[in-house]
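Asks: Just passing along the structure, written as structure tokens.
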Amino acid sequence: MSSDVVIEIKDLSYTYRLTEKEALKDINLEVRRGEVVGIVGPTGAGKTTLCMTINGLIPHSITGGKLEGEVKVLGMNTKEHTLPEIARKVGMVFQDPESQIFGLTVLEDVVFLPENLGLPEEEIERRLKWALNAVRLNGYEERFPYQLSGGEKQRLAIASLLSGLPEILILDEPTSELDPIGKMEVFDVLERLKKEMKMTLIIVEHNTEQLSRICDRIVVLDKGQIVLAGNPKEVFSEVRFLQRIGVRPPQTAELGELLKNTEYFNEYDHPLTVKDAVQRLLRIFQKRRPKKARATISPSGGQKPGNGETVIEAENLWYIYESESGERKIALKNINLKIRRGDFIALIGHNGSGKTTLAKNFVGLLRPTKGKVLIYGEDASTMSVKDIARKIGYCFQNPDHQIFSKTVKEEIMFGPKNLGFSEDQIEQIVKKVLKIVGLEGYEDEDPFFLGKGERQKIAVASILAMNPEVLIVDEPTTGMDWKTSISMMRLLKNLNEMGHTIIFITHDMDIVAEYAKRIIVLKEGEILIDGPTREVFTKMDLLRKAFLLPPQITRVAYELDEYLPPDILTTKEAYEAIVQSLGG
């Protein structure tokens, strides 16, 4: 192994215990010192498995599988060296930071590793200050982890590993559960580690816009194999291929693909950032049409909100969490809103803004501290959770918190059985909802052996079986690849078109732009904005206050409002507007 190569993988294949399908197949990869490598691919492609072979969890912690080939990290063969030996050199940050945070304070968490290495107090103090400075958490030493935002928790997880001075840092979907600004905070930290500390980084991530900004190289996995590799420009220009396997390139690259067959392609190409896209489009507009032009856009997105009867109403709603020690935290402040029949609402806001708390108040899982919730005009405080469930269904963020039966059929039957339906009725219901969610033939499958996208659909099906008019889905696409996310959102869209009122909570602004008719933005427990999708996404300054950013393509249009409508929501709309504006 060259001294410049810190990770060397040769002919690596891996099959988990009790399965026959290879999770990894014939992987060959080298990573050089100081290089930042992004790993992308559809769900189940083998991304996390690859990371666990690098940090030694496979084969030392996850045992019983079949490992072929070899992995060398800093000259150490991971089969021959112990997990503690590897962990001194390789740190790994997981998707959920709370699974790695166990100190009572920020300080306790960050000093845990150096203390366990038996370092002198002065060195521990030096590493504490260095790690906190690296992630911009100086002054947070005495804070409790539960007081931190999602982005701050993830930065704390990174700091806790940095204090051990790893030479290689692996991050497995570190931003999937964060709001857009939280994502940027984490990538700002990673960019700093790259530029100032020359750290070797391996980043597994669905957010290709952020990866393109920081990575030297992108590796694409599909079905356990490397199917594409190169610098971000080379890889993300392969738009059609990536879309086909379930990876979404940056929207600016997608726009380049649409412009490919027009006379503008050579000037626009496939830029990866908002800045590059704006500069290139500006050159085209100034060269071809120097006068101001304003195109009209097709009504393909941002449909009008529902205008039927009010199905849920919040009146002066407050909710305050109170701990056993008597500490109080205001989660919702004086919420007043109406949700109407036919609405397709995205409930968005920063981590901790009150989104899930509000949804749980709607379905009776939480009861207002002050004010009230009305369901079809009836005070929810007089209704049981079971009565509310007949009208409003709720799907948790993690479907595994909801699913408990041994087969898909039993899971879907549970609700109708409790509501007293006959066996014949239940059989018809199971058949009907499985068809709606696209899982016909899965009746006898064990839900826990299915993928997350399928488990999420089972959770939705189990709620639909009780025939509620309103469906609330908390983070329906978290951790899913783009293809699976679109499948899930098309299901919700179809349900909306069938007459169901849909409320979904998400951090994915591309999904919001594509599907929501109405957006409710929460900030620190209060409603900051409430309106049609197209209108809300033009309120750039207000959205930033809520730690949110509109989709990349909307930001491009906003910067070019002299030539394009500033309320563009999708890549297709941007393409149509550019062609129309240039007289095409």
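Chain labels run A, B, ... following the order of the structure tokens; each chain numbers its residues from 1, and ligands are numbered from 1 in the order shown.
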Neighbours of segment 116-121 of chain A within 12 Å (only C-alpha atoms; same-chain residues fewer than 4 positions away dropped), as a ChimeraX atom specification?

Replies: /A:84-85,87-88,108-112,125-128,163-165

Asks: Extract, using only C-alpha atoms, all DNA, RNA and protein residues at most 8 Å from Asp26 of chain A, discarding same-chain residues fewer than 6 positions from it, and format them as a VMD selection string.

Replies: chain A and resid 10 to 13 225

Asks: Would you put the residues from that selection into a file with all heavy atoms, as an mmCIF file, in the first residue's frame?

Replies:
```cif
data_model
loop_
_atom_site.group_PDB
_atom_site.id
_atom_site.type_symbol
_atom_site.label_atom_id
_atom_site.label_comp_id
_atom_site.auth_asym_id
_atom_site.auth_seq_id
_atom_site.Cartn_x
_atom_site.Cartn_y
_atom_site.Cartn_z
ATOM 1 N N LYS A 10 -9.668 -4.626 -1.923
ATOM 2 C CA LYS A 10 -9.404 -5.492 -3.075
ATOM 3 C C LYS A 10 -10.397 -6.650 -3.116
ATOM 4 O O LYS A 10 -10.521 -7.406 -2.150
ATOM 5 C CB LYS A 10 -7.977 -6.063 -3.001
ATOM 6 C CG LYS A 10 -6.889 -5.039 -3.296
ATOM 7 C CD LYS A 10 -5.530 -5.736 -3.330
ATOM 8 C CE LYS A 10 -4.416 -4.747 -3.684
ATOM 9 N NZ LYS A 10 -3.090 -5.426 -3.687
ATOM 10 N N ASP A 11 -11.096 -6.764 -4.242
ATOM 11 C CA ASP A 11 -11.979 -7.914 -4.518
ATOM 12 C C ASP A 11 -12.895 -8.235 -3.335
ATOM 13 O O ASP A 11 -13.088 -9.395 -2.964
ATOM 14 C CB ASP A 11 -11.146 -9.156 -4.868
ATOM 15 C CG ASP A 11 -10.215 -8.907 -6.046
ATOM 16 O OD1 ASP A 11 -10.643 -8.197 -6.978
ATOM 17 O OD2 ASP A 11 -9.077 -9.395 -6.019
ATOM 18 N N LEU A 12 -13.461 -7.202 -2.743
ATOM 19 C CA LEU A 12 -14.286 -7.374 -1.541
ATOM 20 C C LEU A 12 -15.708 -7.813 -1.888
ATOM 21 O O LEU A 12 -16.391 -7.181 -2.691
ATOM 22 C CB LEU A 12 -14.345 -6.060 -0.755
ATOM 23 C CG LEU A 12 -15.307 -6.014 0.440
ATOM 24 C CD1 LEU A 12 -14.853 -6.976 1.538
ATOM 25 C CD2 LEU A 12 -15.434 -4.594 0.988
ATOM 26 N N SER A 13 -16.130 -8.909 -1.278
ATOM 27 C CA SER A 13 -17.529 -9.354 -1.362
ATOM 28 C C SER A 13 -17.979 -9.695 0.055
ATOM 29 O O SER A 13 -17.184 -10.166 0.879
ATOM 30 C CB SER A 13 -17.676 -10.573 -2.269
ATOM 31 O OG SER A 13 -17.342 -10.254 -3.602
ATOM 32 N N GLN A 225 -22.503 -3.338 -6.035
ATOM 33 C CA GLN A 225 -21.350 -3.152 -6.920
ATOM 34 C C GLN A 225 -21.114 -1.675 -7.207
ATOM 35 O O GLN A 225 -22.055 -0.864 -7.168
ATOM 36 C CB GLN A 225 -21.568 -3.888 -8.244
ATOM 37 C CG GLN A 225 -21.661 -5.398 -8.111
ATOM 38 C CD GLN A 225 -21.866 -6.073 -9.458
ATOM 39 O OE1 GLN A 225 -22.940 -5.973 -10.052
ATOM 40 N NE2 GLN A 225 -20.850 -6.769 -9.947
#
```

Asks: Give me, as number ranges by chain, all polymer residues having an atom no more than 10 Å from Ile335 of chain A, counting only C-alpha atoms and skipping those fewer than 4 positions away in the same chain.

Replies: A: 313-319, 358, 371-373, 522, 525-527

Asks: Please write the residues from the selection above to a file, keeping N, CA and C atoms, as an mmCIF file, in the first residue's frame.

Replies:
```cif
data_model
loop_
_atom_site.group_PDB
_atom_site.id
_atom_site.type_symbol
_atom_site.label_atom_id
_atom_site.label_comp_id
_atom_site.auth_asym_id
_atom_site.auth_seq_id
_atom_site.Cartn_x
_atom_site.Cartn_y
_atom_site.Cartn_z
ATOM 1 N N GLU A 313 -59.429 21.933 13.242
ATOM 2 C CA GLU A 313 -59.204 23.345 13.577
ATOM 3 C C GLU A 313 -58.495 23.427 14.918
ATOM 4 N N ALA A 314 -57.463 24.265 14.972
ATOM 5 C CA ALA A 314 -56.772 24.544 16.227
ATOM 6 C C ALA A 314 -57.127 25.954 16.668
ATOM 7 N N GLU A 315 -57.551 26.085 17.904
ATOM 8 C CA GLU A 315 -57.934 27.391 18.452
ATOM 9 C C GLU A 315 -57.060 27.706 19.659
ATOM 10 N N ASN A 316 -56.224 28.726 19.521
ATOM 11 C CA ASN A 316 -55.370 29.194 20.627
ATOM 12 C C ASN A 316 -54.652 28.016 21.305
ATOM 13 N N LEU A 317 -54.087 27.140 20.480
ATOM 14 C CA LEU A 317 -53.507 25.895 20.973
ATOM 15 C C LEU A 317 -52.098 26.117 21.530
ATOM 16 N N TRP A 318 -51.911 25.709 22.793
ATOM 17 C CA TRP A 318 -50.600 25.703 23.432
ATOM 18 C C TRP A 318 -50.302 24.282 23.880
ATOM 19 N N TYR A 319 -49.030 23.891 23.786
ATOM 20 C CA TYR A 319 -48.636 22.625 24.399
ATOM 21 C C TYR A 319 -47.294 22.837 25.089
ATOM 22 N N LEU A 358 -47.516 19.132 17.136
ATOM 23 C CA LEU A 358 -48.787 19.610 16.597
ATOM 24 C C LEU A 358 -49.587 18.448 16.022
ATOM 25 N N GLY A 371 -56.115 25.971 25.115
ATOM 26 C CA GLY A 371 -56.761 26.004 23.820
ATOM 27 C C GLY A 371 -57.374 24.663 23.487
ATOM 28 N N LYS A 372 -57.755 24.484 22.229
ATOM 29 C CA LYS A 372 -58.410 23.219 21.865
ATOM 30 C C LYS A 372 -58.218 22.867 20.393
ATOM 31 N N VAL A 373 -58.492 21.605 20.117
ATOM 32 C CA VAL A 373 -58.518 21.081 18.756
ATOM 33 C C VAL A 373 -59.929 20.632 18.465
ATOM 34 N N LEU A 522 -43.550 26.140 10.711
ATOM 35 C CA LEU A 522 -43.464 26.393 12.145
ATOM 36 C C LEU A 522 -42.066 26.867 12.507
ATOM 37 N N GLY A 525 -42.378 26.744 17.690
ATOM 38 C CA GLY A 525 -43.710 26.492 18.206
ATOM 39 C C GLY A 525 -44.800 27.412 17.705
ATOM 40 N N GLU A 526 -44.465 28.325 16.801
ATOM 41 C CA GLU A 526 -45.454 29.265 16.265
ATOM 42 C C GLU A 526 -45.549 29.137 14.752
ATOM 43 N N ILE A 527 -46.706 29.513 14.198
ATOM 44 C CA ILE A 527 -46.859 29.506 12.742
ATOM 45 C C ILE A 527 -46.201 30.760 12.175
#
```

Asks: Counting only C-alpha atoms, which of A:Met413, A:Val512, A:Leu104, A:Val579 gets nearest to Glu427 of chain A?

Replies: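 Using only C-alpha atoms, Glu427 of chain A sits closest to A:Met413.
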
Asks: Can you measure atom CA of Glu30 of chain A to atom CA of Lys72 of chain A for me? One decimal in Å is fine.

Replies: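 Going from atom CA of Glu30 of chain A over to atom CA of Lys72 of chain A covers 9.6 Å.
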
Asks: Give me the residues near segment 36-41 of chain A as a PyMOL selection string, where near means some atom within 9 Å (using only C-alpha atoms) and where sequence neighbours in that chain fewer than 2 positions away do not count.

Replies: chain A and resi 31-34+43-47+194+199-208+211-212+214-223+232+242+245-247+481

Asks: Would you save the residues of that selection, restricted to N, CA and C atoms, as an mmCIF file, in the first residue's frame?

Replies:
```cif
data_model
loop_
_atom_site.group_PDB
_atom_site.id
_atom_site.type_symbol
_atom_site.label_atom_id
_atom_site.label_comp_id
_atom_site.auth_asym_id
_atom_site.auth_seq_id
_atom_site.Cartn_x
_atom_site.Cartn_y
_atom_site.Cartn_z
ATOM 1 N N VAL A 31 -8.603 4.924 -1.451
ATOM 2 C CA VAL A 31 -8.858 6.299 -0.995
ATOM 3 C C VAL A 31 -7.534 6.873 -0.507
ATOM 4 N N ARG A 32 -7.217 8.058 -0.985
ATOM 5 C CA ARG A 32 -5.934 8.667 -0.643
ATOM 6 C C ARG A 32 -6.069 9.592 0.575
ATOM 7 N N ARG A 33 -4.968 9.838 1.216
ATOM 8 C CA ARG A 33 -4.942 10.682 2.409
ATOM 9 C C ARG A 33 -5.476 12.084 2.074
ATOM 10 N N GLY A 34 -6.405 12.568 2.883
ATOM 11 C CA GLY A 34 -6.965 13.904 2.684
ATOM 12 C C GLY A 34 -8.068 13.969 1.650
ATOM 13 N N THR A 43 -31.451 2.711 -1.912
ATOM 14 C CA THR A 43 -31.589 1.960 -0.673
ATOM 15 C C THR A 43 -31.247 0.491 -0.930
ATOM 16 N N GLY A 44 -30.434 -0.076 -0.038
ATOM 17 C CA GLY A 44 -30.057 -1.484 -0.189
ATOM 18 C C GLY A 44 -28.897 -1.718 -1.131
ATOM 19 N N ALA A 45 -28.218 -0.637 -1.558
ATOM 20 C CA ALA A 45 -27.118 -0.792 -2.519
ATOM 21 C C ALA A 45 -25.858 -1.346 -1.879
ATOM 22 N N GLY A 46 -25.746 -1.260 -0.546
ATOM 23 C CA GLY A 46 -24.551 -1.756 0.138
ATOM 24 C C GLY A 46 -23.689 -0.661 0.731
ATOM 25 N N LYS A 47 -24.194 0.564 0.785
ATOM 26 C CA LYS A 47 -23.394 1.711 1.238
ATOM 27 C C LYS A 47 -22.948 1.553 2.698
ATOM 28 N N LYS A 194 -11.923 19.292 5.886
ATOM 29 C CA LYS A 194 -11.208 19.022 4.634
ATOM 30 C C LYS A 194 -10.127 20.076 4.380
ATOM 31 N N MET A 199 -8.374 16.164 6.599
ATOM 32 C CA MET A 199 -8.846 14.868 7.078
ATOM 33 C C MET A 199 -9.446 14.061 5.937
ATOM 34 N N THR A 200 -9.230 12.759 5.972
ATOM 35 C CA THR A 200 -9.832 11.857 5.001
ATOM 36 C C THR A 200 -11.275 11.601 5.419
ATOM 37 N N LEU A 201 -12.218 11.860 4.512
ATOM 38 C CA LEU A 201 -13.644 11.734 4.832
ATOM 39 C C LEU A 201 -14.329 10.793 3.844
ATOM 40 N N ILE A 202 -15.161 9.896 4.396
ATOM 41 C CA ILE A 202 -16.048 9.049 3.586
ATOM 42 C C ILE A 202 -17.463 9.431 3.986
ATOM 43 N N ILE A 203 -18.275 9.913 3.035
ATOM 44 C CA ILE A 203 -19.607 10.421 3.358
ATOM 45 C C ILE A 203 -20.664 9.683 2.548
ATOM 46 N N VAL A 204 -21.555 8.969 3.244
ATOM 47 C CA VAL A 204 -22.712 8.348 2.607
ATOM 48 C C VAL A 204 -23.865 9.342 2.722
ATOM 49 N N GLU A 205 -24.490 9.687 1.620
ATOM 50 C CA GLU A 205 -25.482 10.775 1.662
ATOM 51 C C GLU A 205 -26.376 10.735 0.440
ATOM 52 N N HIS A 206 -27.673 11.031 0.641
ATOM 53 C CA HIS A 206 -28.603 11.164 -0.489
ATOM 54 C C HIS A 206 -28.586 12.583 -1.055
ATOM 55 N N ASN A 207 -28.109 13.554 -0.273
ATOM 56 C CA ASN A 207 -28.146 14.956 -0.673
ATOM 57 C C ASN A 207 -26.993 15.262 -1.636
ATOM 58 N N THR A 208 -27.259 15.093 -2.917
ATOM 59 C CA THR A 208 -26.194 15.238 -3.910
ATOM 60 C C THR A 208 -25.756 16.693 -4.092
ATOM 61 N N LEU A 211 -23.096 17.105 -1.475
ATOM 62 C CA LEU A 211 -21.923 16.286 -1.811
ATOM 63 C C LEU A 211 -21.097 16.926 -2.913
ATOM 64 N N SER A 212 -21.780 17.490 -3.901
ATOM 65 C CA SER A 212 -21.061 18.073 -5.042
ATOM 66 C C SER A 212 -20.195 19.251 -4.612
ATOM 67 N N ILE A 214 -18.483 19.474 -1.734
ATOM 68 C CA ILE A 214 -17.341 19.158 -0.859
ATOM 69 C C ILE A 214 -16.476 17.997 -1.344
ATOM 70 N N CYS A 215 -17.045 17.097 -2.143
ATOM 71 C CA CYS A 215 -16.337 15.843 -2.464
ATOM 72 C C CYS A 215 -15.322 15.998 -3.597
ATOM 73 N N ASP A 216 -14.217 15.266 -3.463
ATOM 74 C CA ASP A 216 -13.249 15.154 -4.554
ATOM 75 C C ASP A 216 -13.691 14.073 -5.534
ATOM 76 N N ARG A 217 -14.379 13.067 -4.998
ATOM 77 C CA ARG A 217 -14.766 11.927 -5.820
ATOM 78 C C ARG A 217 -16.103 11.392 -5.332
ATOM 79 N N ILE A 218 -16.910 10.888 -6.268
ATOM 80 C CA ILE A 218 -18.195 10.267 -5.959
ATOM 81 C C ILE A 218 -18.139 8.817 -6.422
ATOM 82 N N VAL A 219 -18.561 7.909 -5.536
ATOM 83 C CA VAL A 219 -18.650 6.488 -5.870
ATOM 84 C C VAL A 219 -20.122 6.098 -5.806
ATOM 85 N N VAL A 220 -20.634 5.521 -6.897
ATOM 86 C CA VAL A 220 -22.037 5.118 -6.967
ATOM 87 C C VAL A 220 -22.134 3.605 -6.828
ATOM 88 N N LEU A 221 -22.923 3.164 -5.834
ATOM 89 C CA LEU A 221 -23.159 1.735 -5.632
ATOM 90 C C LEU A 221 -24.571 1.381 -6.075
ATOM 91 N N ASP A 222 -24.712 0.209 -6.641
ATOM 92 C CA ASP A 222 -26.030 -0.342 -6.966
ATOM 93 C C ASP A 222 -25.935 -1.864 -6.900
ATOM 94 N N LYS A 223 -26.838 -2.450 -6.131
ATOM 95 C CA LYS A 223 -26.874 -3.913 -5.961
ATOM 96 C C LYS A 223 -25.518 -4.467 -5.534
ATOM 97 N N PRO A 232 -17.274 14.858 -8.975
ATOM 98 C CA PRO A 232 -18.712 15.180 -8.961
ATOM 99 C C PRO A 232 -19.265 15.589 -10.314
ATOM 100 N N LEU A 242 -28.372 7.883 -13.290
ATOM 101 C CA LEU A 242 -28.584 8.029 -11.847
ATOM 102 C C LEU A 242 -30.062 7.989 -11.492
ATOM 103 N N ILE A 245 -31.495 4.411 -11.493
ATOM 104 C CA ILE A 245 -31.192 3.498 -10.377
ATOM 105 C C ILE A 245 -31.686 4.036 -9.038
ATOM 106 N N GLY A 246 -32.226 5.267 -9.017
ATOM 107 C CA GLY A 246 -32.799 5.777 -7.771
ATOM 108 C C GLY A 246 -31.972 6.823 -7.067
ATOM 109 N N VAL A 247 -31.048 7.471 -7.779
ATOM 110 C CA VAL A 247 -30.237 8.554 -7.206
ATOM 111 C C VAL A 247 -30.625 9.847 -7.902
ATOM 112 N N ASP A 481 -34.132 6.347 -0.809
ATOM 113 C CA ASP A 481 -33.573 6.901 -2.034
ATOM 114 C C ASP A 481 -34.670 7.641 -2.796
#
```

Asks: Could you check which of A:Phe94, A:His60, A:Lys66, A:Ala465 is closest to Thr15 of chain A, using only C-alpha atoms?

Replies: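 Residue with the minimum atom-to-atom distance to Thr15 of chain A: A:Lys66.
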
Asks: Would you kindly return, as a PyMOL selection string, each protein, DNA or RNA residue with an atom no farther than 9 Å from any atom of segment 451-464 of chain A, considering only C-alpha atoms and excluding same-chain residues fewer than 3 positions away?

Replies: chain A and resi 43-44+389+392-400+402-403+408+411-416+429-430+433-434+436-439+447-448+467-469+471+473+476-477+479-480+484-485+487-488+491

Asks: Mind checking DSSP for segment 384-503 of chain A and telling me the alpha helix (DSSP H) residues as a PyMOL selection string?

Replies: chain A and resi 385-389+408-418+423-437+452-464+482-497

Asks: Convert the current residue selection to file output with C-alpha atoms, as a short mmCIF file (atom, residue, chain, number, x, y, z; two decimals), in the first residue's frame.

Replies:
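Writing the result to again_37.cif gives the following:
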```
data_model
loop_
_atom_site.label_atom_id
_atom_site.label_comp_id
_atom_site.auth_asym_id
_atom_site.auth_seq_id
_atom_site.Cartn_x
_atom_site.Cartn_y
_atom_site.Cartn_z
CA VAL A 385 -58.16 8.25 20.78
CA LYS A 386 -60.13 5.40 19.20
CA ASP A 387 -62.92 7.77 18.09
CA ILE A 388 -60.37 10.18 16.65
CA ALA A 389 -58.63 7.30 14.82
CA VAL A 408 -48.61 -8.01 6.45
CA LYS A 409 -52.19 -9.28 6.44
CA GLU A 410 -52.39 -9.49 10.23
CA GLU A 411 -51.01 -5.96 10.50
CA ILE A 412 -53.69 -4.54 8.21
CA MET A 413 -56.46 -6.57 9.86
CA PHE A 414 -55.72 -5.26 13.35
CA GLY A 415 -57.52 -1.90 13.05
CA PRO A 416 -60.72 -3.13 11.35
CA LYS A 417 -60.94 -6.01 13.87
CA ASN A 418 -60.85 -3.55 16.76
CA GLU A 423 -64.48 -11.28 8.65
CA ASP A 424 -65.85 -10.79 5.12
CA GLN A 425 -65.54 -7.02 5.45
CA ILE A 426 -61.98 -7.36 6.74
CA GLU A 427 -60.99 -9.60 3.82
CA GLN A 428 -62.32 -6.99 1.38
CA ILE A 429 -60.56 -4.17 3.24
CA VAL A 430 -57.19 -5.99 3.20
CA LYS A 431 -57.52 -6.67 -0.52
CA LYS A 432 -58.51 -3.08 -1.24
CA VAL A 433 -55.78 -1.30 0.73
CA LEU A 434 -53.01 -3.62 -0.51
CA LYS A 435 -54.01 -2.71 -4.05
CA ILE A 436 -54.00 1.00 -3.19
CA VAL A 437 -50.47 0.89 -1.73
CA LYS A 452 -38.13 0.57 4.72
CA GLY A 453 -40.18 1.89 1.80
CA GLU A 454 -42.35 -1.22 1.86
CA ARG A 455 -42.69 -1.06 5.68
CA GLN A 456 -43.77 2.56 5.37
CA LYS A 457 -46.44 1.53 2.87
CA ILE A 458 -47.61 -1.22 5.25
CA ALA A 459 -47.95 1.39 8.02
CA VAL A 460 -50.04 3.56 5.68
CA ALA A 461 -52.14 0.53 4.64
CA SER A 462 -52.85 -0.38 8.28
CA ILE A 463 -54.18 3.14 8.85
CA LEU A 464 -56.15 3.21 5.58
CA TRP A 482 -35.22 9.19 -4.57
CA LYS A 483 -37.06 6.45 -6.46
CA THR A 484 -38.58 5.01 -3.26
CA SER A 485 -39.43 8.51 -2.02
CA ILE A 486 -41.31 9.29 -5.23
CA SER A 487 -43.20 5.99 -4.98
CA MET A 488 -44.28 6.91 -1.44
CA MET A 489 -45.33 10.44 -2.39
CA ARG A 490 -47.25 9.27 -5.45
CA LEU A 491 -49.20 6.99 -3.13
CA LEU A 492 -50.10 9.97 -0.92
CA LYS A 493 -50.98 12.03 -3.98
CA ASN A 494 -53.29 9.28 -5.25
CA LEU A 495 -54.96 9.10 -1.84
CA ASN A 496 -55.47 12.86 -1.96
CA GLU A 497 -57.03 12.59 -5.41
#
```
